[in-house]
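Novice: Dropping the structure in here first, questions after.
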Amino acid sequence: RHPPHPSTSPPSTMAKPKKFLNDPSNAVDEFIAGLLLQYPNHLRKLANHHVLLHSSFATQQKSNHPNAKSVSLLSGGGSGHEPSHAGFIGRNMLSGAILGGIFASPSVSSILAAIRAVTLPTSQGGKGCLLIVKNYTGDRLNFGMACELANAEG
């Protein structure tokens, strides 16, 4: 037997891919996992949040904490523009990036967790944290609320 002629074979039921995504609901987790595999000595993931930090913030010693020497820089926003935020993490660049869902702002809890992770209290010599926020309504609201909560904590 011979296979059917290409012009007589049934049409393929598989749609042509438009993106390199395995599953859109896991896209952010997979993106983070890929970056951690690609830069194992450079990036760290904050547990239970879509937050990537520079590896220098993994230290437990307050005297070696990067925020004891310089202001920490955080930015973030919706995913889908990769590597827009996480691609700028590095020494003398972003201290960390907070990733929201596809085209959705990161949560207030994730932003606040990132601020806590990169900032020492001023009583312990912390230099503070600068949030770099784009002019997207959801980002402005969520980063603003997290900033207010962090300021209230001191």
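Starting from 1 in every chain, residues are counted up; chains themselves are A, B, ... following the order of the structure tokens, and ligands are numbered from 1 as listed.
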Can you list, as JSON, numbers by chain, every protein, DNA or RNA residue that comes within 9 Å of segment 32-37 of chain A when you count only C-alpha atoms, leaving out same-chain residues fewer than 5 positions away?

Specialist: {"A": [27, 42, 43, 44, 45, 50, 51, 52, 86]}

Novice: If you run DSSP over the backbone, which residues in chain A end up alpha helix (DSSP H)? Put them as a PyMOL selection string.

Specialist: chain A and resi 27-38+108-118+137-153

Novice: State, in Å with one decimal place, the distance from atom CA of Cys129 of chain A to atom CA of Ser95 of chain A.

Specialist: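 Those two atoms sit 9.4 Å apart.
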
Novice: Can you list, as a list in words, every protein, DNA or RNA residue that comes within 10 Å of Ile89 of chain A when you count only C-alpha atoms, leaving out same-chain residues fewer than 2 positions away?

Specialist: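 My list of contacting residues is His42, Leu43, Leu52, Leu53, His54, Ser55, Leu73, Leu74, Ser75, His85, Ala86, Gly87, Arg91, Asn92, Met93, Leu94, Ser95, Gly96 and Ala97 of chain A.
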
Novice: One decimal, Å: what's the distance from atom CA of Lys18 of chain A over to atom CA of Leu99 of chain A, could you say?

Specialist: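 If I compute the distance from atom CA of Lys18 of chain A to atom CA of Leu99 of chain A, I get 22.3 Å.
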
Novice: From the DSSP assignment of the backbone, select every residue of chain A that is strand (DSSP E or B), and format the answer as a VMD selection string.

Specialist: chain A and resid 43 to 45 51 to 54 72 to 79 89 94 96 to 102 129 to 132

Novice: Considering only C-alpha atoms, return as a ChimeraX atom specification whatever protein or nucleic-acid residues lie within 10 Å of Gly138 of chain A, sequence-local ones (same chain, fewer than 5 positions apart) excluded.

Specialist: /A:77-78,104-107,143-144

Novice: Which residues come within 12 Å of Pro24 of chain A, counting only C-alpha atoms, excluding same-chain residues fewer than 3 positions away, as a VMD selection string?

Specialist: chain A and resid 18 to 21 27 to 31 79 to 80 101 to 103

Novice: May I ask which of the residues A:Val71, A:Leu112, A:Ser25, A:Ala117 is the closest one to Thr59 of chain A, counting only C-alpha atoms?

Specialist: A:Ala117

Novice: In Å, rounded to a single decimal, give me how far atom CA of Glu148 of chain A is from atom CA of Ser56 of chain A.

Specialist: 25.7 Å
